[in-house]
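Shown here: final-v1.pdb, PDB, C-alpha atoms, pLDDT in the B column.
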ATOM      1  CA  MET W 287       2.930 -33.275 -39.858  1.00 54.00           C
ATOM      2  CA  LYS W 288      -0.655 -31.960 -40.083  1.00 60.00           C
ATOM      3  CA  LYS W 289      -2.007 -35.112 -38.408  1.00 59.00           C
ATOM      4  CA  TYR W 290       0.563 -34.750 -35.597  1.00 57.00           C
ATOM      5  CA  ALA W 291      -0.507 -31.120 -34.969  1.00 56.00           C
ATOM      6  CA  GLN W 292      -4.186 -32.137 -34.861  1.00 61.00           C
ATOM      7  CA  SER W 293      -3.421 -34.939 -32.396  1.00 60.00           C
ATOM      8  CA  LEU W 294      -1.435 -32.539 -30.232  1.00 59.00           C
ATOM      9  CA  VAL W 295      -4.271 -29.983 -30.145  1.00 55.00           C
ATOM     10  CA  ILE W 296      -6.863 -32.672 -29.332  1.00 64.00           C
ATOM     11  CA  GLY W 297      -4.608 -34.054 -26.586  1.00 59.00           C
ATOM     12  CA  LEU W 298      -4.087 -30.608 -25.036  1.00 57.00           C
ATOM     13  CA  LEU W 299      -7.821 -29.888 -25.126  1.00 58.00           C
ATOM     14  CA  GLY W 300      -8.493 -33.228 -23.434  1.00 57.00           C
ATOM     15  CA  LEU W 301      -5.895 -32.466 -20.768  1.00 58.00           C
ATOM     16  CA  ALA W 302      -7.420 -29.019 -20.158  1.00 58.00           C
ATOM     17  CA  PHE W 303     -10.910 -30.545 -19.895  1.00 55.00           C
ATOM     18  CA  PHE W 304      -9.650 -33.191 -17.459  1.00 54.00           C
ATOM     19  CA  ALA W 305      -7.877 -30.559 -15.318  1.00 55.00           C
ATOM     20  CA  CYS W 306     -11.000 -28.382 -15.149  1.00 56.00           C
ATOM     21  CA  SER W 307     -13.475 -31.209 -14.555  1.00 53.00           C
ATOM     22  CA  ASP W 308     -12.924 -31.488 -10.779  1.00 52.00           C
ATOM     23  CA  SER W 309     -16.310 -31.772  -9.176  1.00 48.00           C
ATOM     24  CA  THR W 310     -17.509 -28.632  -7.391  1.00 48.00           C
ATOM     25  CA  GLU W 311     -19.711 -30.938  -5.370  1.00 49.00           C
ATOM     26  CA  SER W 312     -16.731 -32.604  -3.695  1.00 48.00           C
ATOM     27  CA  LYS W 313     -15.105 -29.211  -3.050  1.00 49.00           C
ATOM     28  CA  SER W 314     -18.167 -27.834  -1.279  1.00 49.00           C
ATOM     29  CA  GLU W 315     -18.382 -31.018   0.798  1.00 52.00           C
ATOM     30  CA  ASP W 316     -14.732 -30.557   1.854  1.00 50.00           C
ATOM     31  CA  ILE W 317     -15.326 -26.943   2.871  1.00 50.00           C
ATOM     32  CA  SER W 318     -18.480 -27.718   4.836  1.00 49.00           C
ATOM     33  CA  HIS W 319     -16.621 -30.560   6.588  1.00 50.00           C
ATOM     34  CA  GLU W 320     -13.840 -28.130   7.598  1.00 50.00           C
ATOM     35  CA  ILE W 321     -16.336 -25.601   8.938  1.00 52.00           C
ATOM     36  CA  LYS W 322     -18.261 -28.238  10.885  1.00 54.00           C
ATOM     37  CA  SER W 323     -15.148 -29.806  12.367  1.00 56.00           C
ATOM     38  CA  GLY W 324     -13.642 -26.418  13.296  1.00 61.00           C
ATOM     39  CA  ASP W 325     -10.431 -27.044  11.327  1.00 72.00           C
ATOM     40  CA  MET W 326     -10.686 -23.841   9.291  1.00 80.00           C
ATOM     41  CA  LEU W 327      -8.811 -20.822  10.634  1.00 80.00           C
ATOM     42  CA  LYS W 328     -10.630 -17.582  11.250  1.00 80.00           C
ATOM     43  CA  ASP W 329      -9.301 -14.362   9.716  1.00 75.00           C
ATOM     44  CA  ASN W 330      -8.051 -13.100  13.071  1.00 76.00           C
ATOM     45  CA  GLU W 331      -5.987 -16.280  13.536  1.00 79.00           C
ATOM     46  CA  ILE W 332      -3.943 -15.854  10.345  1.00 78.00           C
ATOM     47  CA  GLY W 333      -0.599 -14.077  10.164  1.00 78.00           C
ATOM     48  CA  LEU W 334       0.960 -11.655  12.610  1.00 76.00           C
ATOM     49  CA  ARG W 335      -1.767  -8.994  12.585  1.00 72.00           C
ATOM     50  CA  LYS W 336      -4.417 -11.081  14.384  1.00 75.00           C
ATOM     51  CA  VAL W 337      -7.276  -8.919  13.073  1.00 76.00           C
ATOM     52  CA  ASP W 338     -10.038  -9.461  10.530  1.00 76.00           C
ATOM     53  CA  LEU W 339      -8.314  -9.496   7.116  1.00 73.00           C
ATOM     54  CA  GLN W 340     -11.273  -7.705   5.509  1.00 76.00           C
ATOM     55  CA  ASP W 341     -11.275  -4.809   7.954  1.00 74.00           C
ATOM     56  CA  GLU W 342      -8.326  -2.403   7.752  1.00 75.00           C
ATOM     57  CA  LYS W 343      -9.580  -0.134  10.565  1.00 77.00           C
ATOM     58  CA  ASP W 344      -8.243  -2.545  13.213  1.00 71.00           C
ATOM     59  CA  VAL W 345      -4.705  -2.583  11.767  1.00 74.00           C
ATOM     60  CA  LYS W 346      -2.203  -0.936  14.099  1.00 75.00           C
ATOM     61  CA  LEU W 347       1.076   0.165  12.531  1.00 77.00           C
ATOM     62  CA  LEU W 348       4.226  -0.298  14.555  1.00 80.00           C
ATOM     63  CA  GLN W 349       6.001   2.816  15.719  1.00 85.00           C
ATOM     64  CA  TYR W 350       8.996   3.503  13.495  1.00 87.00           C
ATOM     65  CA  GLU W 351      11.487   6.241  12.882  1.00 88.00           C
ATOM     66  CA  TYR W 352      13.789   6.821   9.927  1.00 87.00           C
ATOM     67  CA  PRO W 353      17.288   8.170  10.550  1.00 83.00           C
ATOM     68  CA  ASP W 354      17.528  11.934  10.442  1.00 86.00           C
ATOM     69  CA  ALA W 355      21.324  12.064  10.121  1.00 88.00           C
ATOM     70  CA  SER W 356      22.412  13.717   6.927  1.00 87.00           C
ATOM     71  CA  ALA W 357      24.653  11.946   4.448  1.00 85.00           C
ATOM     72  CA  GLY W 358      28.218  11.798   5.727  1.00 85.00           C
ATOM     73  CA  GLU W 359      27.156  12.092   9.371  1.00 89.00           C
ATOM     74  CA  SER W 360      25.440   8.743   9.772  1.00 88.00           C
ATOM     75  CA  THR W 361      26.607   5.454  11.222  1.00 87.00           C
ATOM     76  CA  LEU W 362      27.140   2.679   8.681  1.00 85.00           C
ATOM     77  CA  ILE W 363      24.847  -0.279   9.072  1.00 86.00           C
ATOM     78  CA  GLU W 364      26.421  -3.725   8.705  1.00 87.00           C
ATOM     79  CA  ARG W 365      25.108  -5.728   5.759  1.00 90.00           C
ATOM     80  CA  SER W 366      22.599  -8.474   6.489  1.00 90.00           C
ATOM     81  CA  PHE W 367      24.769 -11.042   4.709  1.00 93.00           C
ATOM     82  CA  GLU W 368      27.713 -11.045   2.310  1.00 93.00           C
ATOM     83  CA  ASN W 369      26.951  -8.947  -0.796  1.00 94.00           C
ATOM     84  CA  ALA W 370      23.525  -7.959   0.512  1.00 94.00           C
ATOM     85  CA  PRO W 371      22.524  -4.498  -0.681  1.00 94.00           C
ATOM     86  CA  PRO W 372      23.516  -2.159   2.144  1.00 93.00           C
ATOM     87  CA  MET W 373      20.844  -0.186   3.958  1.00 93.00           C
ATOM     88  CA  ILE W 374      20.763   3.577   3.513  1.00 93.00           C
ATOM     89  CA  SER W 375      22.058   4.899   6.815  1.00 90.00           C
ATOM     90  CA  HIS W 376      21.174   8.554   6.263  1.00 92.00           C
ATOM     91  CA  SER W 377      18.072  10.611   5.561  1.00 91.00           C
ATOM     92  CA  THR W 378      16.740  10.497   1.993  1.00 91.00           C
ATOM     93  CA  GLU W 379      14.788  13.730   2.422  1.00 90.00           C
ATOM     94  CA  GLY W 380      14.900  15.664  -0.863  1.00 90.00           C
ATOM     95  CA  MET W 381      16.607  12.802  -2.732  1.00 92.00           C
ATOM     96  CA  LEU W 382      13.511  10.978  -3.922  1.00 92.00           C
ATOM     97  CA  PRO W 383      12.122  10.126  -6.374  1.00 94.00           C
ATOM     98  CA  ILE W 384      15.147   8.850  -8.254  1.00 94.00           C
ATOM     99  CA  THR W 385      14.960   9.063 -12.023  1.00 93.00           C
ATOM    100  CA  GLN W 386      17.489   8.279 -14.714  1.00 89.00           C
ATOM    101  CA  ASP W 387      18.039  12.014 -15.203  1.00 91.00           C
ATOM    102  CA  ASN W 388      18.003  12.961 -11.500  1.00 94.00           C
ATOM    103  CA  ASN W 389      19.847  10.607  -9.174  1.00 94.00           C
ATOM    104  CA  GLN W 390      20.990  12.415  -6.025  1.00 94.00           C
ATOM    105  CA  CYS W 391      22.745   9.268  -4.768  1.00 95.00           C
ATOM    106  CA  LEU W 392      25.353   9.509  -7.510  1.00 94.00           C
ATOM    107  CA  ALA W 393      26.247  13.045  -6.454  1.00 94.00           C
ATOM    108  CA  CYS W 394      28.273  11.349  -3.677  1.00 94.00           C
ATOM    109  CA  HIS W 395      28.453   7.634  -4.496  1.00 94.00           C
ATOM    110  CA  ASP W 396      29.604   7.849  -8.132  1.00 94.00           C
ATOM    111  CA  PRO W 397      33.022   6.141  -8.196  1.00 92.00           C
ATOM    112  CA  SER W 398      34.697   9.211  -9.702  1.00 92.00           C
ATOM    113  CA  ILE W 399      33.441  11.445  -6.853  1.00 93.00           C
ATOM    114  CA  ALA W 400      33.059   9.196  -3.789  1.00 93.00           C
ATOM    115  CA  LYS W 401      36.656   9.284  -2.544  1.00 93.00           C
ATOM    116  CA  ASP W 402      36.815  13.091  -2.662  1.00 95.00           C
ATOM    117  CA  VAL W 403      33.622  13.501  -0.605  1.00 93.00           C
ATOM    118  CA  GLY W 404      34.291  10.620   1.814  1.00 91.00           C
ATOM    119  CA  ALA W 405      31.443   8.418   0.553  1.00 91.00           C
ATOM    120  CA  ILE W 406      31.431   4.737  -0.316  1.00 91.00           C
ATOM    121  CA  PRO W 407      31.499   4.352  -4.114  1.00 93.00           C
ATOM    122  CA  VAL W 408      28.981   2.121  -5.835  1.00 94.00           C
ATOM    123  CA  PRO W 409      30.631  -1.279  -6.344  1.00 93.00           C
ATOM    124  CA  ALA W 410      32.081  -2.471  -9.644  1.00 92.00           C
ATOM    125  CA  SER W 411      28.986  -4.634 -10.207  1.00 92.00           C
ATOM    126  CA  HIS W 412      26.944  -1.445 -10.705  1.00 94.00           C
ATOM    127  CA  THR W 413      29.202  -0.208 -13.512  1.00 94.00           C
ATOM    128  CA  TYR W 414      29.396  -3.562 -15.277  1.00 93.00           C
ATOM    129  CA  ASP W 415      27.017  -5.034 -17.845  1.00 93.00           C
ATOM    130  CA  LEU W 416      26.684  -8.748 -17.075  1.00 88.00           C
ATOM    131  CA  ARG W 417      24.962  -9.421 -20.423  1.00 90.00           C
ATOM    132  CA  THR W 418      27.854  -8.139 -22.519  1.00 92.00           C
ATOM    133  CA  ASN W 419      30.630  -8.672 -19.929  1.00 91.00           C
ATOM    134  CA  LYS W 420      31.796  -5.079 -20.322  1.00 95.00           C
ATOM    135  CA  ASN W 421      32.794  -2.394 -17.848  1.00 94.00           C
ATOM    136  CA  LEU W 422      30.635   0.601 -18.725  1.00 94.00           C
ATOM    137  CA  GLY W 423      32.726   3.212 -16.937  1.00 91.00           C
ATOM    138  CA  GLU W 424      29.530   4.629 -15.410  1.00 91.00           C
ATOM    139  CA  VAL W 425      26.564   3.298 -13.447  1.00 92.00           C
ATOM    140  CA  SER W 426      24.560   0.953 -15.651  1.00 92.00           C
ATOM    141  CA  HIS W 427      21.223   2.286 -16.891  1.00 89.00           C
ATOM    142  CA  ALA W 428      19.701  -0.914 -15.478  1.00 90.00           C
ATOM    143  CA  ARG W 429      20.809   0.143 -11.967  1.00 91.00           C
ATOM    144  CA  PHE W 430      19.958   3.839 -11.802  1.00 91.00           C
ATOM    145  CA  ASN W 431      17.041   3.407  -9.365  1.00 94.00           C
ATOM    146  CA  CYS W 432      18.987   2.793  -6.154  1.00 95.00           C
ATOM    147  CA  VAL W 433      15.949   2.355  -3.880  1.00 95.00           C
ATOM    148  CA  LEU W 434      14.847  -0.798  -5.681  1.00 94.00           C
ATOM    149  CA  CYS W 435      17.478  -2.621  -3.609  1.00 94.00           C
ATOM    150  CA  HIS W 436      18.699  -0.094  -1.050  1.00 95.00           C
ATOM    151  CA  THR W 437      16.204   1.071   1.549  1.00 92.00           C
ATOM    152  CA  PRO W 438      16.486   3.484   4.464  1.00 90.00           C
ATOM    153  CA  GLN W 439      16.993   1.738   7.784  1.00 87.00           C
ATOM    154  CA  ALA W 440      14.132   2.332  10.177  1.00 87.00           C
ATOM    155  CA  ASN W 441      14.273   2.117  13.949  1.00 86.00           C
ATOM    156  CA  VAL W 442      11.444  -0.297  14.664  1.00 86.00           C
ATOM    157  CA  ALA W 443      10.958  -3.190  17.033  1.00 84.00           C
ATOM    158  CA  PRO W 444      10.656  -6.404  15.001  1.00 83.00           C
ATOM    159  CA  VAL W 445       7.410  -8.354  15.252  1.00 82.00           C
ATOM    160  CA  VAL W 446       9.335 -11.626  15.083  1.00 86.00           C
ATOM    161  CA  ALA W 447      12.759 -12.093  16.674  1.00 87.00           C
ATOM    162  CA  ASN W 448      15.574 -12.613  14.191  1.00 87.00           C
ATOM    163  CA  THR W 449      18.103 -15.249  15.182  1.00 92.00           C
ATOM    164  CA  PHE W 450      20.007 -15.201  11.866  1.00 92.00           C
ATOM    165  CA  SER W 451      23.713 -14.565  12.300  1.00 92.00           C
ATOM    166  CA  PRO W 452      25.602 -13.779   9.093  1.00 92.00           C
ATOM    167  CA  THR W 453      29.112 -14.970   8.356  1.00 92.00           C
ATOM    168  CA  PHE W 454      31.469 -12.973   6.179  1.00 92.00           C
ATOM    169  CA  ARG W 455      34.632 -14.189   4.463  1.00 91.00           C
ATOM    170  CA  THR W 456      36.531 -11.109   5.569  1.00 92.00           C
ATOM    171  CA  GLU W 457      35.916  -8.171   7.877  1.00 92.00           C
ATOM    172  CA  LYS W 458      35.832  -5.888   4.805  1.00 90.00           C
ATOM    173  CA  ASP W 459      32.836  -7.804   3.379  1.00 90.00           C
ATOM    174  CA  LYS W 460      30.631  -6.458   6.188  1.00 89.00           C
ATOM    175  CA  ASN W 461      30.633  -3.035   4.530  1.00 87.00           C
ATOM    176  CA  SER W 462      31.617  -3.607   0.896  1.00 88.00           C
ATOM    177  CA  SER W 463      30.794  -5.771  -2.089  1.00 91.00           C
ATOM    178  CA  ASN W 464      32.895  -8.373  -3.858  1.00 90.00           C
ATOM    179  CA  LEU W 465      30.031  -9.613  -6.023  1.00 91.00           C
ATOM    180  CA  LEU W 466      31.875  -9.501  -9.349  1.00 90.00           C
ATOM    181  CA  ASP W 467      34.725 -11.494  -7.843  1.00 89.00           C
ATOM    182  CA  VAL W 468      32.509 -14.298  -6.515  1.00 90.00           C
ATOM    183  CA  LEU W 469      29.553 -14.171  -8.941  1.00 88.00           C
ATOM    184  CA  ASN W 470      30.548 -17.288 -10.862  1.00 86.00           C
ATOM    185  CA  GLU W 471      31.969 -19.191  -7.924  1.00 88.00           C
ATOM    186  CA  GLY W 472      31.023 -22.843  -8.253  1.00 85.00           C
ATOM    187  CA  VAL W 473      29.896 -22.416 -11.867  1.00 84.00           C
ATOM    188  CA  LYS W 474      31.732 -24.621 -14.364  1.00 79.00           C
TER     189      LYS W 474
END

Now, as a test, write the supplied structure out as structure tokens.
Amino acid sequence: MKKYAQSLVIGLLGLAFFACSDSTESKSEDISHEIKSGDMLKDNEIGLRKVDLQDEKDVKLLQYEYPDASAGESTLIERSFENAPPMISHSTEGMLPITQDNNQCLACHDPSIAKDVGAIPVPASHTYDLRTNKNLGEVSHARFNCVLCHTPQANVAPVVANTFSPTFRTEKDKNSSNLLDVLNEGVK
């Protein structure tokens, strides 16, 4: 067994040496060839910004506006695709930061309260522990920070046109989740 371990260590060291032994000479030749032939892109030719990547002063932010409608007065935003986290359609002013002890979202979206205040309750997947396959009866401690997945919708013109068109199994799926029902679909 000891001989096998020694052989394994020697083999791994040899592999590491081989992987790191690429000649820097050939790399510098490749780079100089790219520069001479004009194949290398300049910083202002990369990405959507079209400015020098090292100089932030030339970056122009797009004009955007977050919704100012208060909770309960906003227009629901259709999900991007089935079971996608819905966008927050109302202002989050005074609701952030969210902590485990202070979650303003649950003041309306907790399943035991939502119906009475006219809010959409968090889905069953948020009150279920997938590791233990148990309904917790409350929002899982792993899901208390809502804004990790749910973000306020901003009114902003997209830089790139979006041609994606989602399909939903039912009309209801545009504004609700059936994740627990379909989570293991296709899994044997």

Neighbourhood query: residues within 10 Å of (34.6, 9.0, -12.6), file coordinates, counting all atoms listed in the file; return as a ChimeraX atom specification. /W:396-400,423-425

Just say which residues the PyMOL selection byres ((chain W and resi 433) around 10) picks in this file, as a list in words. Met373, Ile374, Leu382, Pro383, Ile384, Cys391, Arg429, Phe430, Asn431, Cys432, Leu434, Cys435, His436, Thr437 and Pro438 of chain W

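Considering only C-alpha atoms, the residue among W:Gly472, W:Ser463, W:Gln390, W:Tyr350 positioned nearest to W:Pro444 is W:Tyr350.
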
Specify as a list of chain:residue names each residue included when the PyMOL selection byres ((chain W and resi 459) around 10) is applied to this file. W:Glu364, W:Arg365, W:Phe367, W:Glu368, W:Asn369, W:Ala370, W:Thr453, W:Phe454, W:Arg455, W:Thr456, W:Glu457, W:Lys458, W:Lys460, W:Asn461, W:Ser462, W:Ser463, W:Asn464, W:Leu465

Around all the atoms of stretch 400-406 of chain W listed in the file, draw an axis-aligned box and extend it by 3 Å on each of the six sides; I want its centre and edge lengths in Å to one decimal, as AutoDock Vina command-line options.
--center_x 34.1 --center_y 9.1 --center_z -1.0 --size_x 11.4 --size_y 14.8 --size_z 11.6

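Distances here use only C-alpha atoms; by that measure, the residue among W:Leu466, W:Asp329, W:Pro353, W:Leu362 closest to W:Asp341 is W:Asp329.
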